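Peer 1: Dropping in target37.cif, which is mmCIF, C-alpha atoms:
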```cif
data_upload
loop_
_atom_site.label_atom_id
_atom_site.label_comp_id
_atom_site.auth_asym_id
_atom_site.auth_seq_id
_atom_site.Cartn_x
_atom_site.Cartn_y
_atom_site.Cartn_z
CA MET A 30 -23.05 18.18 9.90
CA TRP A 31 -19.46 17.85 8.63
CA THR A 32 -16.90 15.75 10.47
CA GLY A 33 -13.22 16.50 10.86
CA ASP A 34 -12.50 13.74 8.32
CA ASP A 35 -14.90 15.35 5.85
CA ILE A 36 -13.08 18.68 6.07
CA TYR A 37 -9.65 17.03 5.94
CA PHE A 38 -10.42 14.97 2.84
CA MET A 39 -12.17 17.84 1.04
CA ASN A 40 -9.04 19.94 1.61
CA LEU A 41 -7.04 17.14 -0.05
CA ALA A 42 -9.50 17.29 -2.96
CA LEU A 43 -8.91 21.05 -3.17
CA ASP A 44 -5.16 20.37 -3.30
CA GLU A 45 -5.81 18.08 -6.27
CA ALA A 46 -7.95 20.76 -7.93
CA TYR A 47 -5.05 23.18 -7.53
CA ARG A 48 -2.78 20.66 -9.30
CA ALA A 49 -5.25 20.54 -12.20
CA ASP A 50 -5.30 24.33 -12.32
CA CYS A 51 -1.49 24.40 -12.51
CA GLU A 52 -1.72 22.05 -15.51
CA ASP A 53 -4.27 24.36 -17.19
CA GLU A 54 -7.06 21.82 -16.67
CA VAL A 55 -10.46 22.66 -15.20
CA PRO A 56 -9.64 22.64 -11.48
CA ILE A 57 -11.53 19.68 -10.10
CA GLY A 58 -10.06 17.33 -7.52
CA ALA A 59 -11.30 14.12 -5.96
CA VAL A 60 -10.32 11.93 -3.02
CA ILE A 61 -11.66 8.53 -2.00
CA ALA A 62 -11.52 7.47 1.65
CA SER A 63 -12.92 4.75 3.85
CA GLU A 64 -12.94 4.79 7.64
CA GLY A 65 -10.41 7.61 7.74
CA THR A 66 -8.01 5.94 5.31
CA LEU A 67 -7.10 7.57 2.01
CA LEU A 68 -7.68 5.08 -0.82
CA GLY A 69 -7.09 7.24 -3.89
CA ARG A 70 -6.76 10.81 -5.09
CA ALA A 71 -6.67 12.51 -8.47
CA HIS A 72 -7.36 15.66 -10.44
CA ASN A 73 -9.02 16.49 -13.73
CA CYS A 74 -6.88 16.02 -16.85
CA PRO A 75 -9.00 15.22 -19.94
CA VAL A 76 -7.34 17.93 -22.05
CA GLY A 77 -3.73 16.98 -21.38
CA SER A 78 -4.39 13.26 -21.68
CA ASN A 79 -6.72 13.54 -24.68
CA ASP A 80 -9.12 11.37 -22.71
CA PRO A 81 -12.72 12.48 -22.18
CA THR A 82 -13.03 10.04 -19.27
CA ALA A 83 -10.09 11.52 -17.32
CA HIS A 84 -12.33 13.27 -14.81
CA ALA A 85 -11.02 13.56 -11.27
CA GLU A 86 -13.62 11.11 -9.95
CA ILE A 87 -12.80 8.43 -12.53
CA LYS A 88 -9.07 8.77 -11.97
CA ALA A 89 -9.53 8.63 -8.19
CA LEU A 90 -11.58 5.44 -8.59
CA ARG A 91 -8.82 3.96 -10.76
CA SER A 92 -6.23 4.92 -8.15
CA ALA A 93 -8.24 3.40 -5.30
CA GLY A 94 -9.02 0.27 -7.30
CA ALA A 95 -5.34 -0.27 -8.09
CA TRP A 96 -4.40 0.19 -4.43
CA LEU A 97 -7.19 -2.12 -3.24
CA LYS A 98 -6.70 -4.57 -6.12
CA ASN A 99 -10.47 -4.52 -6.52
CA TYR A 100 -12.89 -2.59 -8.69
CA ARG A 101 -15.41 -2.44 -5.85
CA MET A 102 -14.88 -0.02 -3.02
CA PRO A 103 -15.22 -1.25 0.58
CA SER A 104 -18.30 -0.55 2.62
CA GLY A 105 -18.28 2.95 4.07
CA THR A 106 -16.38 4.55 1.19
CA THR A 107 -16.81 8.26 0.56
CA LEU A 108 -15.77 10.24 -2.52
CA TYR A 109 -14.89 13.87 -1.85
CA VAL A 110 -14.97 16.02 -4.97
CA THR A 111 -14.80 19.76 -5.49
CA LEU A 112 -17.60 19.86 -8.10
CA GLU A 113 -20.80 17.85 -8.22
CA PRO A 114 -20.19 14.73 -10.37
CA CYS A 115 -21.46 14.43 -13.93
CA LEU A 116 -23.62 11.55 -15.18
CA MET A 117 -20.61 9.56 -16.45
CA CYS A 118 -18.94 9.75 -13.04
CA PHE A 119 -22.23 8.97 -11.30
CA GLY A 120 -22.45 5.72 -13.27
CA ALA A 121 -18.90 4.77 -12.32
CA LEU A 122 -19.64 5.50 -8.66
CA ILE A 123 -22.62 3.13 -8.77
CA HIS A 124 -20.51 0.36 -10.33
CA ALA A 125 -17.74 0.89 -7.77
CA ARG A 126 -20.30 0.77 -4.92
CA VAL A 127 -19.26 4.07 -3.38
CA ASP A 128 -21.59 4.69 -0.45
CA ARG A 129 -21.39 8.46 -0.11
CA VAL A 130 -20.39 11.45 -2.20
CA VAL A 131 -19.51 14.78 -0.63
CA PHE A 132 -19.10 17.63 -3.10
CA GLY A 133 -18.17 21.27 -2.75
CA ALA A 134 -19.81 23.30 -5.49
CA ALA A 135 -23.04 22.35 -7.22
CA ASP A 136 -23.07 22.17 -11.01
CA PRO A 137 -26.50 23.37 -12.15
CA LYS A 138 -25.78 22.49 -15.79
CA VAL A 139 -25.35 18.77 -15.15
CA SER A 140 -26.74 18.42 -11.64
CA ILE A 141 -27.50 14.85 -10.72
CA THR A 142 -28.94 15.79 -7.37
CA SER A 143 -31.53 18.23 -8.70
CA ASN A 144 -31.96 18.23 -12.50
CA LEU A 145 -31.56 14.56 -13.40
CA ASP A 146 -33.18 13.14 -10.26
CA MET A 147 -31.08 9.99 -10.63
CA LEU A 148 -30.75 9.58 -6.87
CA ALA A 149 -34.41 8.77 -6.47
CA HIS A 150 -34.46 6.42 -9.45
CA ALA A 151 -35.39 3.08 -7.90
CA ARG A 152 -33.98 1.00 -10.78
CA THR A 153 -30.32 1.61 -9.96
CA ASN A 154 -28.75 -1.38 -8.20
CA HIS A 155 -26.89 0.76 -5.66
CA GLN A 156 -27.96 3.90 -3.84
CA ILE A 157 -25.46 6.65 -3.07
CA GLU A 158 -25.88 9.29 -0.39
CA PHE A 159 -25.05 12.74 -1.77
CA GLN A 160 -24.18 15.77 0.37
CA GLY A 161 -23.18 19.08 -1.13
CA GLY A 162 -21.77 22.36 0.04
CA LEU A 163 -18.63 21.37 1.94
CA LEU A 164 -16.06 24.17 1.44
CA GLU A 165 -18.39 25.35 -1.31
CA ASN A 166 -16.99 28.89 -1.54
CA GLU A 167 -13.40 27.69 -1.93
CA CYS A 168 -14.38 25.14 -4.57
CA ARG A 169 -16.55 27.60 -6.52
CA GLU A 170 -13.96 30.40 -6.40
CA MET A 171 -11.24 28.15 -7.81
CA LEU A 172 -13.49 27.27 -10.75
CA GLN A 173 -14.62 30.86 -11.30
CA ASN A 174 -11.05 32.16 -11.24
CA PHE A 175 -10.00 29.54 -13.78
CA PHE A 176 -12.77 30.46 -16.22
CA GLN A 177 -12.21 34.20 -15.75
CA ARG A 178 -8.58 33.74 -16.77
CA LYS A 179 -9.75 31.83 -19.86
CA ARG A 180 -12.02 34.65 -21.05
#
```
Show this structure as C-alpha cells.
Peer 2:
Amino acid sequence: MWTGDDIYFMNLALDEAYRADCEDEVPIGAVIASEGTLLGRAHNCPVGSNDPTAHAEIKALRSAGAWLKNYRMPSGTTLYVTLEPCLMCFGALIHARVDRVVFGAADPKVSITSNLDMLAHARTNHQIEFQGGLLENECREMLQNFFQRKR
C-alpha cells in the first residue's frame, strides 16, 4: 500500500514534528511533495508565533507556494502530515488543490475522515484522497509523550 516515497516523506514529516517538540510546540510535522520532489516542509508553531493558523500543514503550504511562486499546488501533490488535518487545514488543502493527504495518527476529536464526513461532501470544488496510518505508532507516540510531559 505504501510506496518508498511515502515512507521517506513521512519520515521527513516526523523530523519536522521533532523540531516542534524541541520548541515546546505540539509535535506535528508536514511535508509537501510532488512526483518525488520536496516542495515544502514545516512544523507546528502556533504558540511561539502567537498565530492560531501556524499549523504544520498551513506553514508547509506557504513554504511550497513560495518555492513554486504559486498558491496552487501542481497535479499529483501529496501532503504528508503526522496527525490528521483539522477543518481549517482541510479548507486550505482544497484551495491549494492538493490531490492526496497521507497522515500518520488519526485525530478522533476533529476527524475529517470519519466525524465530519467532509470527504464525501459533493459541494466542495476539489476532492482530496485521504489515507491514514502511515508510521502511525511513531506519530502517535510522539504526541502522547509530549502530552504526558505536560501533565
Peer 1: Taking the file above as input, evaluate the PyMOL selection byres ((chain A and resi 134) around 6) and report the hits as a list in words.
Peer 2: Leu112, Gly133, Ala135, Gly162, Glu165, Cys168 and Arg169 of chain A
Peer 1: By how many Å are atom CA of A:Glu158 and atom CA of A:Asp50 apart?
Peer 2: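 Interatomic distance here is 28.1 Å.
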Peer 1: Quick one, how far is atom CA of A:Gly120 from atom CA of A:Cys51?
Peer 2: 28.1 Å
Peer 1: May I ask for the distance between atom CA of A:Met117 and atom CA of A:Glu170, given in Å to one decimal place?
Peer 2: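 The value is 24.1 Å.
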Peer 1: Find the residues near A:Ile61: any atom within 6 Å, counting all atoms listed in the file, skip ones fewer than 2 places away on the same chain, and give them as a PDB file with C-alpha atoms, in the coordinates of the input.
Peer 2:
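That gives us around.pdb:
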```pdb
ATOM      1  CA  LEU A  68      -7.680   5.080  -0.820  1.00  0.00           C
ATOM      2  CA  GLY A  69      -7.090   7.240  -3.890  1.00  0.00           C
ATOM      3  CA  THR A 107     -16.810   8.260   0.560  1.00  0.00           C
ATOM      4  CA  LEU A 108     -15.770  10.240  -2.520  1.00  0.00           C
TER       5      LEU A 108
END
```
Peer 1: Quick check on the file I pasted: which residues fall under the PyMOL selection byres ((chain A and resi 136) around 9)? Write them as a list in words.
Peer 2: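 So the PyMOL selection byres ((chain A and resi 136) around 9) ends up selecting Leu112, Glu113, Pro114, Cys115, Ala134, Ala135, Pro137, Lys138, Val139, Ser140 and Ile141 of chain A.
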Peer 1: Within 12 Å of A:Leu90, counting only C-alpha atoms, which residues show up once you throw out same-chain ones fewer than 2 positions away? Write them as a ChimeraX atom specification, please.
Peer 2: /A:59-62,67-72,82-88,92-103,106-110,118-127
